[in-house]
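A.B. asks: File entry09.cif follows (mmCIF, C-alpha atoms):
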data_final
#
loop_
_atom_site.group_PDB
_atom_site.id
_atom_site.type_symbol
_atom_site.label_atom_id
_atom_site.label_comp_id
_atom_site.auth_asym_id
_atom_site.auth_seq_id
_atom_site.Cartn_x
_atom_site.Cartn_y
_atom_site.Cartn_z
ATOM 1 C CA MET A 1 -18.601 -0.035 -9.923
ATOM 2 C CA THR A 2 -22.276 0.687 -10.447
ATOM 3 C CA GLU A 3 -23.867 3.939 -9.376
ATOM 4 C CA LEU A 4 -25.831 2.006 -6.783
ATOM 5 C CA ASP A 5 -22.524 0.860 -5.288
ATOM 6 C CA GLU A 6 -21.296 4.427 -5.179
ATOM 7 C CA THR A 7 -24.479 5.536 -3.456
ATOM 8 C CA GLY A 8 -24.145 2.723 -0.945
ATOM 9 C CA ARG A 9 -20.545 3.681 -0.274
ATOM 10 C CA LEU A 10 -21.546 7.294 0.232
ATOM 11 C CA VAL A 11 -24.217 6.252 2.733
ATOM 12 C CA ALA A 12 -21.661 4.044 4.519
ATOM 13 C CA ARG A 13 -19.183 6.907 4.748
ATOM 14 C CA LEU A 14 -21.840 9.307 5.993
ATOM 15 C CA LEU A 15 -23.262 7.009 8.669
ATOM 16 C CA GLY A 16 -20.045 5.278 9.715
ATOM 17 C CA PRO A 17 -19.907 1.871 11.383
ATOM 18 C CA ALA A 18 -22.977 0.755 13.301
ATOM 19 C CA GLU A 19 -20.923 -0.995 15.988
ATOM 20 C CA PRO A 20 -19.074 0.650 18.876
ATOM 21 C CA GLU A 21 -15.569 1.617 17.861
ATOM 22 C CA VAL A 22 -12.307 2.615 19.496
ATOM 23 C CA SER A 23 -10.849 6.102 19.102
ATOM 24 C CA CYS A 24 -7.981 7.081 16.797
ATOM 25 C CA ALA A 25 -5.698 7.210 19.846
ATOM 26 C CA THR A 26 -6.576 3.671 20.918
ATOM 27 C CA CYS A 27 -6.260 2.540 17.313
ATOM 28 C CA PHE A 28 -2.705 3.860 17.125
ATOM 29 C CA GLU A 29 -1.892 2.430 20.541
ATOM 30 C CA GLU A 30 -3.079 -1.058 19.613
ATOM 31 C CA LEU A 31 -2.229 -1.121 15.912
ATOM 32 C CA ASP A 32 0.983 -3.160 16.270
ATOM 33 C CA ARG A 33 -0.698 -5.664 18.575
ATOM 34 C CA TYR A 34 -3.680 -6.056 16.234
ATOM 35 C CA VAL A 35 -1.440 -6.654 13.207
ATOM 36 C CA ASP A 36 0.770 -9.190 14.967
ATOM 37 C CA LEU A 37 -2.362 -11.014 16.142
ATOM 38 C CA GLU A 38 -3.734 -11.028 12.588
ATOM 39 C CA LEU A 39 -0.478 -12.355 11.162
ATOM 40 C CA SER A 40 -0.255 -15.063 13.815
ATOM 41 C CA GLY A 41 -3.719 -16.307 12.854
ATOM 42 C CA ALA A 42 -5.240 -15.342 16.205
ATOM 43 C CA ASP A 43 -8.673 -13.751 16.499
ATOM 44 C CA ALA A 44 -7.581 -10.114 16.627
ATOM 45 C CA ASP A 45 -11.177 -8.841 16.625
ATOM 46 C CA ALA A 46 -12.082 -10.876 19.702
ATOM 47 C CA THR A 47 -9.021 -9.552 21.536
ATOM 48 C CA LEU A 48 -9.564 -5.944 20.488
ATOM 49 C CA PRO A 49 -13.303 -5.285 20.070
ATOM 50 C CA GLY A 50 -14.156 -2.051 18.309
ATOM 51 C CA PHE A 51 -10.878 -1.979 16.397
ATOM 52 C CA ARG A 52 -12.225 -3.317 13.098
ATOM 53 C CA ALA A 53 -15.215 -0.963 13.259
ATOM 54 C CA HIS A 54 -12.871 1.976 13.652
ATOM 55 C CA LEU A 55 -10.882 0.917 10.601
ATOM 56 C CA GLU A 56 -14.134 0.923 8.628
ATOM 57 C CA GLY A 57 -14.986 4.429 9.802
ATOM 58 C CA CYS A 58 -11.594 6.149 9.677
ATOM 59 C CA PRO A 59 -9.811 6.176 6.288
ATOM 60 C CA ALA A 60 -6.524 7.477 7.718
ATOM 61 C CA CYS A 61 -6.243 4.770 10.382
ATOM 62 C CA ARG A 62 -7.350 2.204 7.793
ATOM 63 C CA GLU A 63 -4.517 3.183 5.438
ATOM 64 C CA GLU A 64 -1.985 2.902 8.251
ATOM 65 C CA HIS A 65 -3.325 -0.516 9.215
ATOM 66 C CA GLU A 66 -3.112 -1.716 5.608
ATOM 67 C CA SER A 67 0.456 -0.471 5.353
ATOM 68 C CA LEU A 68 1.620 -2.064 8.603
ATOM 69 C CA LEU A 69 -0.047 -5.353 7.736
ATOM 70 C CA ALA A 70 1.616 -5.355 4.310
ATOM 71 C CA LEU A 71 5.003 -4.304 5.646
ATOM 72 C CA VAL A 72 5.184 -6.800 8.515
ATOM 73 C CA GLY A 73 3.476 -9.446 6.423
ATOM 74 C CA GLY A 74 6.502 -9.436 4.182
ATOM 75 C CA GLU A 75 5.557 -7.229 1.271
ATOM 76 C CA GLY A 76 8.048 -4.553 2.263
ATOM 77 C CA LEU A 77 10.743 -6.704 3.786
ATOM 78 C CA ALA A 78 11.842 -8.722 0.804
ATOM 79 C CA MET B 1 9.806 19.902 17.923
ATOM 80 C CA SER B 2 7.899 18.545 14.981
ATOM 81 C CA ALA B 3 8.955 14.968 15.516
ATOM 82 C CA VAL B 4 7.338 13.906 18.729
ATOM 83 C CA ALA B 5 4.644 16.502 19.265
ATOM 84 C CA PRO B 6 2.006 15.309 16.771
ATOM 85 C CA ILE B 7 1.951 11.814 18.179
ATOM 86 C CA VAL B 8 1.933 12.978 21.777
ATOM 87 C CA ARG B 9 -0.898 15.416 21.058
ATOM 88 C CA ARG B 10 -2.795 12.656 19.351
ATOM 89 C CA MET B 11 -2.572 10.488 22.425
ATOM 90 C CA GLU B 12 -3.614 13.248 24.796
ATOM 91 C CA HIS B 13 -6.688 14.363 22.880
ATOM 92 C CA GLY B 14 -8.038 11.052 21.731
ATOM 93 C CA SER B 15 -10.786 9.699 23.906
ATOM 94 C CA SER B 16 -11.671 6.057 23.877
ATOM 95 C CA LEU B 17 -15.168 5.329 22.617
ATOM 96 C CA ALA B 18 -15.083 1.744 23.751
ATOM 97 C CA ALA B 19 -13.048 0.119 26.448
ATOM 98 C CA SER B 20 -10.032 -1.708 25.124
ATOM 99 C CA PRO B 21 -8.944 -4.864 26.883
ATOM 100 C CA GLY B 22 -5.378 -3.640 26.481
ATOM 101 C CA ASP B 23 -5.965 -0.455 28.439
ATOM 102 C CA GLY B 24 -4.179 -0.406 31.739
ATOM 103 C CA VAL B 25 -2.311 -3.631 31.107
ATOM 104 C CA GLY B 26 1.309 -3.460 32.158
ATOM 105 C CA VAL B 27 4.378 -4.749 30.326
ATOM 106 C CA GLU B 28 4.049 -8.384 29.399
ATOM 107 C CA PRO B 29 6.744 -10.434 31.073
ATOM 108 C CA SER B 30 7.095 -12.698 28.043
ATOM 109 C CA LEU B 31 9.043 -10.446 25.664
ATOM 110 C CA ASP B 32 10.508 -12.257 22.704
ATOM 111 C CA ALA B 33 14.294 -12.355 22.570
ATOM 112 C CA ASP B 34 14.605 -9.918 19.672
ATOM 113 C CA SER B 35 12.403 -7.305 21.333
ATOM 114 C CA ARG B 36 14.278 -7.721 24.607
ATOM 115 C CA ALA B 37 17.594 -7.170 22.802
ATOM 116 C CA TRP B 38 16.296 -4.013 21.108
ATOM 117 C CA LEU B 39 15.153 -2.562 24.426
ATOM 118 C CA GLN B 40 18.361 -3.478 26.200
ATOM 119 C CA ASP B 41 20.551 -1.882 23.534
ATOM 120 C CA LEU B 42 18.429 1.246 23.143
ATOM 121 C CA ARG B 43 18.290 1.805 26.904
ATOM 122 C CA GLY B 44 22.009 1.192 27.256
ATOM 123 C CA ALA B 45 24.936 3.462 26.559
ATOM 124 C CA GLY B 46 28.071 3.581 24.498
ATOM 125 C CA ALA B 47 28.737 1.880 21.197
ATOM 126 C CA ALA B 48 25.992 -0.726 21.553
ATOM 127 C CA HIS B 49 23.407 2.031 22.050
ATOM 128 C CA ASP B 50 24.682 4.088 19.140
ATOM 129 C CA GLU B 51 24.730 1.062 16.889
ATOM 130 C CA ALA B 52 21.165 0.140 17.917
ATOM 131 C CA VAL B 53 19.965 3.673 17.193
ATOM 132 C CA ALA B 54 21.568 3.544 13.752
ATOM 133 C CA ARG B 55 19.995 0.135 13.053
ATOM 134 C CA LEU B 56 16.618 1.409 14.227
ATOM 135 C CA HIS B 57 16.863 4.466 11.992
ATOM 136 C CA ALA B 58 17.657 2.271 8.990
ATOM 137 C CA LEU B 59 14.652 0.104 9.777
ATOM 138 C CA LEU B 60 12.391 3.144 10.123
ATOM 139 C CA LEU B 61 13.656 4.595 6.867
ATOM 140 C CA ARG B 62 12.820 1.358 5.087
ATOM 141 C CA ALA B 63 9.304 1.479 6.554
ATOM 142 C CA ALA B 64 8.854 5.145 5.625
ATOM 143 C CA ARG B 65 10.011 4.468 2.057
ATOM 144 C CA PHE B 66 7.611 1.556 1.901
ATOM 145 C CA GLU B 67 4.781 3.926 2.809
ATOM 146 C CA THR B 68 5.775 6.706 0.410
ATOM 147 C CA GLY B 69 6.170 4.066 -2.302
ATOM 148 C CA ARG B 70 2.585 2.935 -1.735
ATOM 149 C CA ARG B 71 1.372 6.532 -2.155
ATOM 150 C CA ARG B 72 3.463 7.241 -5.270
ATOM 151 C CA THR B 73 0.713 6.397 -7.754
ATOM 152 C CA ALA B 74 -1.954 8.411 -5.967
ATOM 153 C CA HIS B 75 0.302 11.482 -5.720
ATOM 154 C CA PRO B 76 2.413 11.637 -8.905
ATOM 155 C CA HIS B 77 3.093 15.350 -8.373
ATOM 156 C CA LEU B 78 4.982 14.491 -5.162
ATOM 157 C CA ARG B 79 7.403 12.119 -6.850
ATOM 158 C CA GLY B 80 10.414 14.378 -6.323
ATOM 159 C CA ASP B 81 9.548 14.962 -2.668
ATOM 160 C CA LEU B 82 8.891 11.422 -1.544
ATOM 161 C CA ASP B 83 12.421 10.529 -0.484
ATOM 162 C CA ASP B 84 12.703 13.746 1.548
ATOM 163 C CA ILE B 85 9.368 12.897 3.170
ATOM 164 C CA ALA B 86 10.620 9.394 4.010
ATOM 165 C CA GLN B 87 13.822 10.772 5.541
ATOM 166 C CA GLU B 88 11.893 13.286 7.650
ATOM 167 C CA ALA B 89 9.429 10.599 8.697
ATOM 168 C CA ALA B 90 12.218 8.254 9.781
ATOM 169 C CA ASP B 91 13.920 11.035 11.763
ATOM 170 C CA ASP B 92 10.679 12.034 13.494
ATOM 171 C CA ALA B 93 9.698 8.434 14.181
ATOM 172 C CA LEU B 94 13.095 7.742 15.750
ATOM 173 C CA LEU B 95 12.701 10.677 18.142
ATOM 174 C CA ALA B 96 9.159 9.600 19.030
ATOM 175 C CA ILE B 97 10.235 6.025 19.704
ATOM 176 C CA LEU B 98 13.219 6.992 21.858
ATOM 177 C CA ALA B 99 10.951 9.283 23.878
ATOM 178 C CA ARG B 100 8.373 6.524 24.329
ATOM 179 C CA LEU B 101 10.429 3.386 24.887
ATOM 180 C CA ASP B 102 8.729 2.857 28.250
ATOM 181 C CA ASP B 103 5.343 2.749 26.496
ATOM 182 C CA PHE B 104 6.276 -0.451 24.690
ATOM 183 C CA ARG B 105 4.237 -3.102 26.503
ATOM 184 C CA GLY B 106 5.563 -6.169 24.771
ATOM 185 C CA LEU B 107 2.160 -7.026 23.301
ATOM 186 C CA SER B 108 3.672 -7.104 19.820
ATOM 187 C CA ARG B 109 7.170 -7.521 18.464
ATOM 188 C CA PHE B 110 9.304 -4.443 19.023
ATOM 189 C CA THR B 111 9.871 -4.001 15.296
ATOM 190 C CA THR B 112 6.113 -4.004 14.578
ATOM 191 C CA TRP B 113 5.659 -1.379 17.286
ATOM 192 C CA ALA B 114 8.487 0.720 15.814
ATOM 193 C CA TYR B 115 7.270 0.426 12.226
ATOM 194 C CA LYS B 116 3.912 1.958 13.066
ATOM 195 C CA PHE B 117 5.591 5.226 14.073
ATOM 196 C CA ALA B 118 7.400 5.467 10.738
ATOM 197 C CA LEU B 119 4.286 4.586 8.745
ATOM 198 C CA TYR B 120 2.220 7.112 10.695
ATOM 199 C CA GLN B 121 4.762 9.890 10.201
ATOM 200 C CA ALA B 122 5.162 9.130 6.498
ATOM 201 C CA SER B 123 1.449 8.849 5.776
ATOM 202 C CA VAL B 124 0.616 12.085 7.591
ATOM 203 C CA LYS B 125 3.407 13.932 5.821
ATOM 204 C CA VAL B 126 2.276 12.671 2.412
ATOM 205 C CA ARG B 127 -1.288 13.800 3.126
ATOM 206 C CA LEU B 128 -0.161 17.231 4.282
ATOM 207 C CA ARG B 129 2.279 17.702 1.396
ATOM 208 C CA SER B 130 -0.289 16.653 -1.191
ATOM 209 C CA TRP B 131 -2.660 19.360 0.050
ATOM 210 C CA GLN B 132 -0.019 22.049 0.439
ATOM 211 C CA GLY B 133 -1.232 25.297 -1.111
ATOM 212 C CA ARG B 134 -4.678 23.856 -1.761
ATOM 213 C CA GLU B 135 -7.831 25.379 -0.320
ATOM 214 C CA VAL B 136 -10.142 23.180 1.715
ATOM 215 C CA PRO B 137 -13.421 23.163 -0.288
ATOM 216 C CA VAL B 138 -16.243 25.251 1.084
ATOM 217 C CA GLU B 139 -19.292 23.553 2.529
ATOM 218 C CA ASP B 140 -21.699 24.589 -0.237
ATOM 219 C CA GLU B 141 -19.842 22.627 -2.903
ATOM 220 C CA ALA B 142 -20.535 19.405 -1.055
ATOM 221 C CA TRP B 143 -24.301 19.489 -1.278
ATOM 222 C CA SER B 144 -24.159 18.862 -5.019
ATOM 223 C CA VAL B 145 -22.399 15.544 -4.288
ATOM 224 C CA LEU B 146 -25.269 14.469 -2.096
ATOM 225 C CA ALA B 147 -27.924 15.780 -4.475
ATOM 226 C CA SER B 148 -26.456 14.148 -7.585
ATOM 227 C CA ALA B 149 -26.051 10.825 -5.763
ATOM 228 C CA ALA B 150 -29.664 10.988 -4.621
ATOM 229 C CA ILE B 151 -31.151 11.685 -8.041
ATOM 230 C CA GLY B 152 -28.711 9.823 -10.281
ATOM 231 C CA PRO B 153 -30.293 7.475 -12.832
ATOM 232 C CA GLY B 154 -28.837 4.369 -11.202
ATOM 233 C CA ALA B 155 -29.770 5.221 -7.647
ATOM 234 C CA ALA B 156 -32.499 2.998 -6.232
ATOM 235 C CA ALA B 157 -35.567 4.842 -4.993
ATOM 236 C CA GLU B 158 -35.029 3.591 -1.452
ATOM 237 C CA GLN B 159 -31.443 4.842 -1.367
ATOM 238 C CA SER B 160 -32.400 8.168 -2.944
ATOM 239 C CA GLU B 161 -34.946 8.659 -0.212
ATOM 240 C CA LEU B 162 -32.400 7.711 2.432
ATOM 241 C CA LEU B 163 -29.880 10.196 1.030
ATOM 242 C CA ARG B 164 -32.502 12.940 1.097
ATOM 243 C CA ALA B 165 -33.257 12.064 4.715
ATOM 244 C CA ILE B 166 -29.546 12.136 5.522
ATOM 245 C CA ARG B 167 -29.297 15.569 3.907
ATOM 246 C CA ASP B 168 -32.223 16.747 6.053
ATOM 247 C CA GLY B 169 -30.556 15.238 9.127
ATOM 248 C CA ILE B 170 -27.298 17.016 8.389
ATOM 249 C CA VAL B 171 -29.175 20.317 8.239
ATOM 250 C CA ASP B 172 -31.625 19.765 11.096
ATOM 251 C CA ALA B 173 -29.926 17.503 13.634
ATOM 252 C CA LEU B 174 -26.240 18.433 13.597
ATOM 253 C CA THR B 175 -24.566 21.381 15.228
ATOM 254 C CA PRO B 176 -22.776 23.775 12.830
ATOM 255 C CA ARG B 177 -19.441 22.327 13.959
ATOM 256 C CA GLN B 178 -20.544 18.726 13.419
ATOM 257 C CA ARG B 179 -21.986 19.637 10.014
ATOM 258 C CA SER B 180 -18.820 21.382 8.935
ATOM 259 C CA ILE B 181 -16.577 18.460 9.970
ATOM 260 C CA LEU B 182 -18.838 15.801 8.417
ATOM 261 C CA VAL B 183 -19.110 17.713 5.156
ATOM 262 C CA ALA B 184 -15.365 18.358 4.931
ATOM 263 C CA LEU B 185 -14.269 14.819 5.775
ATOM 264 C CA VAL B 186 -16.976 12.751 4.104
ATOM 265 C CA LEU B 187 -18.450 14.770 1.254
ATOM 266 C CA ASN B 188 -15.410 16.840 0.304
ATOM 267 C CA GLU B 189 -12.985 14.038 1.221
ATOM 268 C CA VAL B 190 -10.465 16.330 2.870
ATOM 269 C CA PRO B 191 -7.889 14.082 4.607
ATOM 270 C CA ILE B 192 -8.421 14.215 8.351
ATOM 271 C CA ASP B 193 -4.785 15.166 9.053
ATOM 272 C CA VAL B 194 -5.029 18.074 6.617
ATOM 273 C CA LEU B 195 -8.171 19.386 8.284
ATOM 274 C CA ALA B 196 -6.582 18.898 11.712
ATOM 275 C CA GLU B 197 -3.561 20.946 10.683
ATOM 276 C CA ARG B 198 -5.686 23.747 9.176
ATOM 277 C CA GLU B 199 -7.862 23.915 12.287
ATOM 278 C CA GLY B 200 -5.039 23.545 14.804
ATOM 279 C CA THR B 201 -6.495 20.388 16.292
ATOM 280 C CA THR B 202 -5.835 16.646 16.189
ATOM 281 C CA ARG B 203 -7.029 13.659 14.207
ATOM 282 C CA GLY B 204 -8.540 12.203 17.369
ATOM 283 C CA ALA B 205 -10.538 15.317 18.204
ATOM 284 C CA LEU B 206 -11.895 15.631 14.660
ATOM 285 C CA TYR B 207 -12.805 11.961 14.499
ATOM 286 C CA LYS B 208 -14.657 12.251 17.812
ATOM 287 C CA THR B 209 -16.746 15.083 16.303
ATOM 288 C CA LEU B 210 -17.366 12.988 13.177
ATOM 289 C CA HIS B 211 -18.337 9.996 15.307
ATOM 290 C CA ASP B 212 -20.826 12.072 17.307
ATOM 291 C CA ALA B 213 -22.290 13.519 14.101
ATOM 292 C CA ARG B 214 -22.733 10.044 12.626
ATOM 293 C CA ARG B 215 -24.471 8.818 15.793
ATOM 294 C CA LYS B 216 -26.825 11.789 15.672
ATOM 295 C CA LEU B 217 -27.594 11.125 12.021
ATOM 296 C CA ARG B 218 -28.370 7.472 12.738
ATOM 297 C CA ARG B 219 -30.678 8.483 15.580
ATOM 298 C CA TYR B 220 -32.372 11.068 13.349
ATOM 299 C CA LEU B 221 -32.971 8.462 10.650
ATOM 300 C CA GLU B 222 -34.329 5.919 13.115
ATOM 301 C CA GLU B 223 -36.657 8.458 14.683
ATOM 302 C CA SER B 224 -37.912 9.529 11.258
ATOM 303 C CA GLY B 225 -38.749 5.939 10.378
ATOM 304 C CA HIS B 226 -35.907 5.067 7.999
ATOM 305 C CA ALA B 227 -34.697 1.506 8.113
ATOM 306 C CA LEU B 228 -30.985 1.120 8.709
ATOM 307 C CA GLY B 229 -29.015 -2.064 8.162
ATOM 308 C CA GLY B 230 -28.903 -1.972 4.356
ATOM 309 C CA PRO B 231 -26.030 -3.301 2.253
ATOM 310 C CA TRP B 232 -23.942 -0.219 3.052
ATOM 311 C CA GLU B 233 -23.554 -1.540 6.613
ATOM 312 C CA GLU B 234 -21.522 -4.397 5.183
ATOM 313 C CA THR B 235 -19.150 -2.223 3.159
ATOM 314 C CA PRO B 236 -15.604 -3.033 4.334
#
Can you dump the structure from the file as structure tokens?

C.D. replies:
Amino acid sequence: MTELDETGRLVARLLGPAEPEVSCATCFEELDRYVDLELSGADADATLPGFRAHLEGCPACREEHESLLALVGGEGLA
Amino acid sequence: MSAVAPIVRRMEHGSSLAASPGDGVGVEPSLDADSRAWLQDLRGAGAAHDEAVARLHALLLRAARFETGRRRTAHPHLRGDLDDIAQEAADDALLAILARLDDFRGLSRFTTWAYKFALYQASVKVRLRSWQGREVPVEDEAWSVLASAAIGPGAAAEQSELLRAIRDGIVDALTPRQRSILVALVLNEVPIDVLAEREGTTRGALYKTLHDARRKLRRYLEESGHALGGPWEETP
């Protein structure tokens, strides 16, 4: 990673997503639905606007999304 | 009770920043057969109920171990604690799920819904355990991060100027509370659940403060003539 990348990432973390986003509570509430939509090939972002932006802005919710997607997607169920 | 309370608190304090199409929607009539069977057994009584609870606990434990396994590399000092964390997470997730069965709306498979409780419990516990006995950094230490990023040899002039403007915005535009939360979460990279525990609040409440601070910073930058929409807006 170049230093410019690191600076850009720092700016992104400081300013957060530009788009409207859901709250952590809504993210948790809808996480299972979002993941099942993703895995079914449906347009999860059209169904749940603001969800993806929240994942960009909130590292904790993002980690939980990545884990659920990996687990249900088969990585953890072998 | 430690099991259910964190999740319930999280729901109560979180405020939606954008309307969700799912809000207010009742239970979908088209439950898949597996989800319907889970609900029927867990709401029932006797041996079938007990067997379903045991099966659910096993499933939650597998999910919790999956999560702690993913965090193993990042937290090598926790290696001996990870199975205890997974067990606790599965126990707490089971209690939360049994208390919230009526919240399942059938918009996902039941197992996906259940897994998220185990993953949430395990990930929060790993974050808290990894910071156990560790001081949250003081605000002053964070400014050096911003300063060194702004003046580093590889930083483009435009980004250096933007970082300086952000630093000014943090000082001039944010309330002390917003500044403290932004600095802790973003510059000092304190996990949000750790800060929530230390401050006796919730992830949702802290994130709302962070969100408001970020909006204020964006407004400050726009009003001071700084162009937004650079490559950092596309960072996943």

A.B. asks: Take CA of Ser67 (chain A) and CA of Leu119 (chain B) and report the distance between them in Å, one decimal.

C.D. replies: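 That distance, rounded to one decimal, is 7.2 Å.
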
A.B. asks: Might you pull out every residue within 9 Å of region 43-57 of chain B, with all atoms listed in the file counted and same-chain residues fewer than 4 positions away left off, and present them as a PyMOL selection string?

C.D. replies: chain B and resi 38-39+61-62+90-91+93-94+98+101+111+114

A.B. asks: Quick one: residues within 9 Å of Asp36 (chain A), all atoms listed in the file, excluding same-chain residues fewer than 4 positions away - as a VMD selection string?

C.D. replies: (chain A and resid 31 to 32 40 to 42 44 69 72 to 73) or (chain B and resid 107 to 109 112)

A.B. asks: One number please: CA of Ile85 (chain B) to CA of Asp193 (chain B), in Å, one decimal.

C.D. replies: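 A separation of 15.5 Å between them.
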
A.B. asks: When you draw a straight line from CA of Leu48 (chain A) to CA of Ala122 (chain B), how long is it in Å?

C.D. replies: 25.3 Å

A.B. asks: Between A:Asp5, A:Ala70, A:Pro17, A:Leu10, which has the minimum distance to Glu56 (chain A) (counting only C-alpha atoms)?

C.D. replies: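 The answer is A:Pro17, which sits nearest to Glu56 (chain A).
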
A.B. asks: On this file, the PyMOL selection byres ((chain B and resi 71-82) around 10) gives some set of residues; write that set as a list in words.

C.D. replies: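 Expected selection for the PyMOL selection byres ((chain B and resi 71-82) around 10) here is Ala64, Arg65, Phe66, Glu67, Thr68, Gly69, Arg70, Asp83, Asp84, Ile85, Ala86, Gln87, Glu88, Ala122, Ser123, Lys125, Val126, Arg127, Arg129 and Ser130 of chain B.
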
A.B. asks: Please evaluate the PyMOL selection byres ((chain A and resi 53) around 10) against the displayed coordinates and give the resulting residues as JSON, numbers by chain.

C.D. replies: {"A": [16, 17, 18, 19, 20, 21, 22, 45, 49, 50, 51, 52, 54, 55, 56, 57, 58], "B": [236]}

A.B. asks: Since we have the selection now, will you write its residues out, keeping C-alpha atoms, as an mmCIF file, in the coordinates of the input?

C.D. replies:
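Written output follows (out.cif):
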data_model
loop_
_atom_site.group_PDB
_atom_site.id
_atom_site.type_symbol
_atom_site.label_atom_id
_atom_site.label_comp_id
_atom_site.auth_asym_id
_atom_site.auth_seq_id
_atom_site.Cartn_x
_atom_site.Cartn_y
_atom_site.Cartn_z
ATOM 1 C CA GLY A 16 -20.045 5.278 9.715
ATOM 2 C CA PRO A 17 -19.907 1.871 11.383
ATOM 3 C CA ALA A 18 -22.977 0.755 13.301
ATOM 4 C CA GLU A 19 -20.923 -0.995 15.988
ATOM 5 C CA PRO A 20 -19.074 0.650 18.876
ATOM 6 C CA GLU A 21 -15.569 1.617 17.861
ATOM 7 C CA VAL A 22 -12.307 2.615 19.496
ATOM 8 C CA ASP A 45 -11.177 -8.841 16.625
ATOM 9 C CA PRO A 49 -13.303 -5.285 20.070
ATOM 10 C CA GLY A 50 -14.156 -2.051 18.309
ATOM 11 C CA PHE A 51 -10.878 -1.979 16.397
ATOM 12 C CA ARG A 52 -12.225 -3.317 13.098
ATOM 13 C CA HIS A 54 -12.871 1.976 13.652
ATOM 14 C CA LEU A 55 -10.882 0.917 10.601
ATOM 15 C CA GLU A 56 -14.134 0.923 8.628
ATOM 16 C CA GLY A 57 -14.986 4.429 9.802
ATOM 17 C CA CYS A 58 -11.594 6.149 9.677
ATOM 18 C CA PRO B 236 -15.604 -3.033 4.334
#

A.B. asks: Hey, what comes out of the PyMOL selection byres ((chain B and resi 216-226) around 12) on this file? Could you write it as an mmCIF file with C-alpha atoms, in the frame of the given file?

C.D. replies:
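Writing the result to part.cif gives the following:
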data_model
loop_
_atom_site.group_PDB
_atom_site.id
_atom_site.type_symbol
_atom_site.label_atom_id
_atom_site.label_comp_id
_atom_site.auth_asym_id
_atom_site.auth_seq_id
_atom_site.Cartn_x
_atom_site.Cartn_y
_atom_site.Cartn_z
ATOM 1 C CA VAL A 11 -24.217 6.252 2.733
ATOM 2 C CA ALA A 12 -21.661 4.044 4.519
ATOM 3 C CA ARG A 13 -19.183 6.907 4.748
ATOM 4 C CA LEU A 14 -21.840 9.307 5.993
ATOM 5 C CA LEU A 15 -23.262 7.009 8.669
ATOM 6 C CA GLY A 16 -20.045 5.278 9.715
ATOM 7 C CA PRO A 17 -19.907 1.871 11.383
ATOM 8 C CA ALA A 18 -22.977 0.755 13.301
ATOM 9 C CA GLU A 19 -20.923 -0.995 15.988
ATOM 10 C CA GLU B 158 -35.029 3.591 -1.452
ATOM 11 C CA GLN B 159 -31.443 4.842 -1.367
ATOM 12 C CA SER B 160 -32.400 8.168 -2.944
ATOM 13 C CA GLU B 161 -34.946 8.659 -0.212
ATOM 14 C CA LEU B 162 -32.400 7.711 2.432
ATOM 15 C CA LEU B 163 -29.880 10.196 1.030
ATOM 16 C CA ARG B 164 -32.502 12.940 1.097
ATOM 17 C CA ALA B 165 -33.257 12.064 4.715
ATOM 18 C CA ILE B 166 -29.546 12.136 5.522
ATOM 19 C CA ARG B 167 -29.297 15.569 3.907
ATOM 20 C CA ASP B 168 -32.223 16.747 6.053
ATOM 21 C CA GLY B 169 -30.556 15.238 9.127
ATOM 22 C CA ILE B 170 -27.298 17.016 8.389
ATOM 23 C CA VAL B 171 -29.175 20.317 8.239
ATOM 24 C CA ASP B 172 -31.625 19.765 11.096
ATOM 25 C CA ALA B 173 -29.926 17.503 13.634
ATOM 26 C CA LEU B 174 -26.240 18.433 13.597
ATOM 27 C CA THR B 175 -24.566 21.381 15.228
ATOM 28 C CA GLN B 178 -20.544 18.726 13.419
ATOM 29 C CA ARG B 179 -21.986 19.637 10.014
ATOM 30 C CA LEU B 182 -18.838 15.801 8.417
ATOM 31 C CA THR B 209 -16.746 15.083 16.303
ATOM 32 C CA LEU B 210 -17.366 12.988 13.177
ATOM 33 C CA HIS B 211 -18.337 9.996 15.307
ATOM 34 C CA ASP B 212 -20.826 12.072 17.307
ATOM 35 C CA ALA B 213 -22.290 13.519 14.101
ATOM 36 C CA ARG B 214 -22.733 10.044 12.626
ATOM 37 C CA ARG B 215 -24.471 8.818 15.793
ATOM 38 C CA ALA B 227 -34.697 1.506 8.113
ATOM 39 C CA LEU B 228 -30.985 1.120 8.709
ATOM 40 C CA GLY B 229 -29.015 -2.064 8.162
ATOM 41 C CA GLY B 230 -28.903 -1.972 4.356
ATOM 42 C CA GLU B 233 -23.554 -1.540 6.613
#

A.B. asks: Nearest to Glu189 (chain B): which of B:Tyr115, B:Pro137, B:Asp32, B:Arg177 is it, counting all atoms listed in the file?

C.D. replies: B:Pro137
